[in-house]
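S.K.: First the structure, then my questions, so here it is.
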Amino acid sequence: MGIKTHKPTTPTMRYQITADFSEITTSEPEKRLLEPMRKTGGRNHHGHITSRFMGGGHKQMYRRIDFYRRDKAGVEAKVLSIEYDPNRSSRISLLQYPDGEKRYILWPEGLAVGATVCAGEEAEVKVGNAVPLRRIPPGQMIHNIELQQHRGAQIVRSAGSWAMIQAKEGDVAHVKLPSGEVRLVSLDCWATVGQVGHAEHKMLVIGKAGRSRWLGRKPHVRGVAMNPVDHPHGGGEGKSGQGNPHPVSPWGWHTKGRKTRNRNKYSRRVIVSRRR
C-alpha cells in the first residue's frame with residue numbers, strides 16, 4: 001500500500017509514479033460477480049458524441065459492488081481478499097457470508113484479510129461495518145453514505161475520501177463532505193465506518209500520453225488550436241489568444257465564472273454551507 005517511482009530509462013519514466021499494489025492479495029476476480037461492460041466512446045443512443053475526447057481504452061469487466069448491504073443486516077461476513085478494480089480509484093474487498101454467498105464492497109483503510117464485518121442497526125461501530133448515522137458518534141470518519149433510506153450508498157466512494165458527522169439535530173445529521181460542503185442527512189440513512197482505502201491515488205502520475213489512451217481518454221484539443229469553423233476561439237494569424245467572445249465552449253456557452261447550478265434544485269434545502 002504505497003507508491004513506486006521508476007528509474008528514468010526513458011523520458012516518460014522519469015516522472016512516472018505508479019501504485020505498488022502491495023495491498024492486493026489476489027489477481028483473480030470472483031467470476032460470478034463480473035459483468036461485461038460496453039464502451040460508449042462518448043456517444044448516446046443516437047450515435048451522436050455527447051462527451052468529447054472519449055474512446056478506445058483497455059477492455060474491462062464490471063465488478064458488482066454491494067452498496068446496499070441492508071438485506072444482510074446482522075450477518076457477519078469474512079474478508080477473503082483485497083482486489084484491484086479497473087472501474088474505480090479505490091480497491092475492493094471480497095466478502096463471504098455463512099450461507100456461502102460472496103459480495104464485493106469498497107475496501108476501507110485498515111480492513112485486513114480474515115477480519116469480519118457486519119451491517120445492521122446493532123452492528124459495532126468499527127471499520128468496514130455499515131450502520132445508521134444515528135449510531136455513529138460525531139468526529140468518526142465515514143464513507144459510502146446513503147442520501148435516501150434504502151437507496152444504497154451514493155456519495156464518498158472514491159479512493160482516500162471520507163466524511164464526518166459534525167452534529168446531530170432532531171432527525172438529521174450535519175455531515176461534512178470531502179468537498180467541504182456541509183449537508184443534512186437523515187439519521188436513518190446508513191454509512192460505512194472508516195476511510196476509503198488507497199489514499200495514495202491522488203499522488204499517481206500517469207507519465208505518458210499512452211497511459212491516458214489505455215484509460216479511454218483521447219487528447220483534449222484546445223479551442224485556439226482549431227479552425228474558426230470548429231470553435232469560436234479558432235483561427236487567427238500565428239498564435240492568437242481566445243479574444244472575443246470571451247471564454248466559451250464550441251457552442252458559445254460561457255465557460256468561466258458563469259453559475260450553472262439550478263437555483264430551485266431540490267437539494268438546496270439540505271445544504272447547510274456550500275463548499276465555496
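Ordered as shown in the C-alpha cells, chains take letters A, B, and onward, while each chain numbers its residues from 1 and ligands are numbered from 1 in the order shown.
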For Val75 of chain A, please output as a ChimeraX atom specification all residues within 12 Å (counting only C-alpha atoms; exclusion window: fewer than 6 positions along the same chain).

M.R.: /A:69,95-101,116-123,129-130

S.K.: Taking 4 positions as the minimum chain separation for residues in the same chain, which residues sit within 9 Å of segment 244-251 of chain A when counting only C-alpha atoms? Answer as a list in words.

M.R.: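 Once the adjacent positions are removed, what remains is Gly223, Asp230, His231, Pro232, His233, Thr255 and Lys256 of chain A.
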
S.K.: Since we have the selection now, will you write its residues out, keeping C-alpha atoms, as a PDB file, in the first residue's frame?

M.R.:
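Saved the output as result-v4.pdb:
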```
ATOM      1  CA  GLY A 223     -10.146  25.679 -28.960  1.00  0.00           C
ATOM      2  CA  ASP A 230     -14.765  24.217 -35.401  1.00  0.00           C
ATOM      3  CA  HIS A 231     -14.579  26.585 -32.429  1.00  0.00           C
ATOM      4  CA  PRO A 232     -15.278  30.262 -31.593  1.00  0.00           C
ATOM      5  CA  HIS A 233     -11.679  30.582 -30.361  1.00  0.00           C
ATOM      6  CA  THR A 255     -17.280  28.562 -19.538  1.00  0.00           C
ATOM      7  CA  LYS A 256     -15.612  30.720 -16.863  1.00  0.00           C
TER       8      LYS A 256
END
```

S.K.: Pull the closest atom pair for each residue of segment 81-181 of chain A that gets at most 8 Å from segment 23-42 of chain A, along with the distance in Å to one decimal, counting only C-alpha atoms, ordering rows by chain and then ascending residue number, as CSV.

M.R.:
```
residue,atom,partner,partner_atom,distance
A:Ser81,CA,A:Thr25,CA,5.8
A:Ile82,CA,A:Ile24,CA,5.2
A:Glu83,CA,A:Ile24,CA,5.3
A:Tyr84,CA,A:Ile24,CA,6.7
A:Arg103,CA,A:Leu33,CA,7.4
A:Tyr104,CA,A:Leu33,CA,7.9
```

S.K.: I'd like the neighbourhood of segment 174-180 of chain A as an MDAnalysis selection string, where a residue qualifies if any of its atoms comes within 6 Å (using only C-alpha atoms), though same-chain residues fewer than 2 positions away should be ignored.

M.R.: chainID A and resid 163:167 182:184 275

S.K.: Could you dump the residues just selected with C-alpha atoms as a short mmCIF file (atom, residue, chain, number, x, y, z; two decimals), in the first residue's frame?

M.R.:
```cif
data_model
loop_
_atom_site.label_atom_id
_atom_site.label_comp_id
_atom_site.auth_asym_id
_atom_site.auth_seq_id
_atom_site.Cartn_x
_atom_site.Cartn_y
_atom_site.Cartn_z
CA ALA A 163 -16.78 12.43 5.58
CA MET A 164 -17.54 13.32 9.17
CA ILE A 165 -20.63 13.95 11.28
CA GLN A 166 -20.30 17.41 12.80
CA ALA A 167 -23.52 17.45 14.81
CA VAL A 182 -21.99 20.54 5.00
CA ARG A 183 -25.21 18.70 4.20
CA LEU A 184 -28.20 17.46 6.17
CA ARG A 275 -18.18 24.21 -0.49
#
```

S.K.: I'd like to know which residues of segment 112-274 of chain A are strand (DSSP E) (by DSSP, run on the backbone); could you write them as a ChimeraX atom specification?

M.R.: /A:116-117,130-132,141-143,145-146,153-155,163-169,172-176,182-186,190-193,271-273

S.K.: Could those selected residues go to a file with C-alpha atoms, as a PDB file, in the first residue's frame?

M.R.:
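Full text of again-v6.pdb as output:
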```pdb
ATOM      1  CA  THR A 116     -15.129  -9.937   9.942  1.00  0.00           C
ATOM      2  CA  VAL A 117     -17.538  -7.139   9.075  1.00  0.00           C
ATOM      3  CA  ALA A 130     -22.343  -0.364   7.793  1.00  0.00           C
ATOM      4  CA  VAL A 131     -24.579   1.234  10.439  1.00  0.00           C
ATOM      5  CA  PRO A 132     -27.200   4.011  10.624  1.00  0.00           C
ATOM      6  CA  MET A 141     -14.664   9.078   9.724  1.00  0.00           C
ATOM      7  CA  ILE A 142     -17.315   7.548   7.441  1.00  0.00           C
ATOM      8  CA  HIS A 143     -17.804   6.825   3.740  1.00  0.00           C
ATOM      9  CA  ILE A 145     -23.157   7.333   2.629  1.00  0.00           C
ATOM     10  CA  GLU A 146     -26.820   6.996   1.698  1.00  0.00           C
ATOM     11  CA  ALA A 153     -24.697   4.431  -0.807  1.00  0.00           C
ATOM     12  CA  GLN A 154     -24.292   7.285  -3.287  1.00  0.00           C
ATOM     13  CA  ILE A 155     -21.545   9.620  -2.075  1.00  0.00           C
ATOM     14  CA  ALA A 163     -16.776  12.435   5.579  1.00  0.00           C
ATOM     15  CA  MET A 164     -17.544  13.317   9.174  1.00  0.00           C
ATOM     16  CA  ILE A 165     -20.630  13.950  11.278  1.00  0.00           C
ATOM     17  CA  GLN A 166     -20.299  17.405  12.798  1.00  0.00           C
ATOM     18  CA  ALA A 167     -23.520  17.451  14.811  1.00  0.00           C
ATOM     19  CA  LYS A 168     -26.917  15.795  15.204  1.00  0.00           C
ATOM     20  CA  GLU A 169     -30.112  17.804  15.378  1.00  0.00           C
ATOM     21  CA  VAL A 172     -30.876  14.778  10.755  1.00  0.00           C
ATOM     22  CA  ALA A 173     -27.092  14.833  10.933  1.00  0.00           C
ATOM     23  CA  HIS A 174     -24.812  17.640   9.751  1.00  0.00           C
ATOM     24  CA  VAL A 175     -22.318  15.757   7.573  1.00  0.00           C
ATOM     25  CA  LYS A 176     -19.183  17.482   6.310  1.00  0.00           C
ATOM     26  CA  VAL A 182     -21.995  20.540   4.998  1.00  0.00           C
ATOM     27  CA  ARG A 183     -25.209  18.697   4.197  1.00  0.00           C
ATOM     28  CA  LEU A 184     -28.201  17.457   6.167  1.00  0.00           C
ATOM     29  CA  VAL A 185     -28.648  13.683   6.012  1.00  0.00           C
ATOM     30  CA  SER A 186     -31.331  11.640   7.753  1.00  0.00           C
ATOM     31  CA  TRP A 190     -26.612   4.147   6.562  1.00  0.00           C
ATOM     32  CA  ALA A 191     -22.897   4.778   6.161  1.00  0.00           C
ATOM     33  CA  THR A 192     -19.776   2.632   6.374  1.00  0.00           C
ATOM     34  CA  VAL A 193     -17.285   3.346   9.146  1.00  0.00           C
ATOM     35  CA  ILE A 271     -27.156  22.132   2.110  1.00  0.00           C
ATOM     36  CA  VAL A 272     -26.142  23.973   5.278  1.00  0.00           C
ATOM     37  CA  SER A 273     -22.991  25.545   3.837  1.00  0.00           C
TER      38      SER A 273
END
```

S.K.: So which one's closest to Arg88 of chain A, A:Leu111, A:Leu133, A:Cys189, A:Val196? Using only C-alpha atoms, please.

M.R.: A:Val196

S.K.: Here is a test: counting only C-alpha atoms, which residue of A:Met61, A:Val221, A:Ala159, A:Val113 is nearest to Ser89 of chain A?

M.R.: A:Ala159

S.K.: List every residue of segment 3-155 of chain A that DSSP, applied to the backbone of this structure, places in helix (DSSP H, G or I), and write the result as a PyMOL selection string.

M.R.: chain A and resi 11-13+31-33+70-72+133-135

S.K.: Filtering to C-alpha atoms, could you give me those residues as a PDB file, in the first residue's frame?

M.R.:
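Output file result.pdb is given in full below:
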```
ATOM      1  CA  PRO A  11      11.824  10.148 -20.821  1.00  0.00           C
ATOM      2  CA  THR A  12       8.314   9.034 -19.825  1.00  0.00           C
ATOM      3  CA  MET A  13       9.591   7.030 -16.858  1.00  0.00           C
ATOM      4  CA  LYS A  31     -16.238 -14.600 -11.833  1.00  0.00           C
ATOM      5  CA  ARG A  32     -19.831 -14.728 -10.586  1.00  0.00           C
ATOM      6  CA  LEU A  33     -19.618 -11.037  -9.680  1.00  0.00           C
ATOM      7  CA  ARG A  70     -29.349  -3.904   4.243  1.00  0.00           C
ATOM      8  CA  ASP A  71     -30.505  -7.341   3.071  1.00  0.00           C
ATOM      9  CA  LYS A  72     -27.614  -8.895   5.018  1.00  0.00           C
ATOM     10  CA  LEU A 133     -25.892   7.538  11.136  1.00  0.00           C
ATOM     11  CA  ARG A 134     -27.762   7.797  14.455  1.00  0.00           C
ATOM     12  CA  ARG A 135     -25.360   5.203  15.936  1.00  0.00           C
TER      13      ARG A 135
END
```

S.K.: A:His150, A:Asp66, A:Gly114, A:Gly243: which is nearest Lys102 of chain A, counting only C-alpha atoms?

M.R.: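 Among the listed residues, A:Asp66 lies closest to Lys102 of chain A.
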
S.K.: Can you work out which one of A:Met203, A:Ile105, A:Leu187, A:Leu215 has the shortest atom-to-atom distance to Gly56 of chain A, counting only C-alpha atoms?

M.R.: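 Closest to Gly56 of chain A, using only C-alpha atoms: A:Leu215.
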
S.K.: Which of these, A:His254, A:Lys265, A:Ile17, A:Lys239, has the shortest distance to Lys202 of chain A once you count only C-alpha atoms?

M.R.: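 With only C-alpha atoms as the atom set, the closest residue is A:Ile17.
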
S.K.: Taking only C-alpha atoms into account, name the residue in A:Val229, A:Ala73, A:Ile65, A:Met54 that is nearest to Leu106 of chain A.

M.R.: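 For Leu106 of chain A, the nearest of the candidates is A:Ile65.
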
S.K.: Quick check, in Å to one decimal: how far apart do atom CA of Ile3 of chain A and atom CA of Glu200 of chain A lie?

M.R.: 6.8 Å

S.K.: One number please: atom CA of Asp171 of chain A to atom CA of Trp107 of chain A, in Å, one decimal.

M.R.: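 Answer for the atom CA of Asp171 of chain A to atom CA of Trp107 of chain A separation: 29.0 Å.
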
S.K.: Counting only C-alpha atoms, what is within 6 Å of Lys4 of chain A, bar same-chain residues fewer than 2 positions away, as a list in words?

M.R.: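 The residues satisfying every condition are Ile17, Thr18, Ala19 and Asp20 of chain A.
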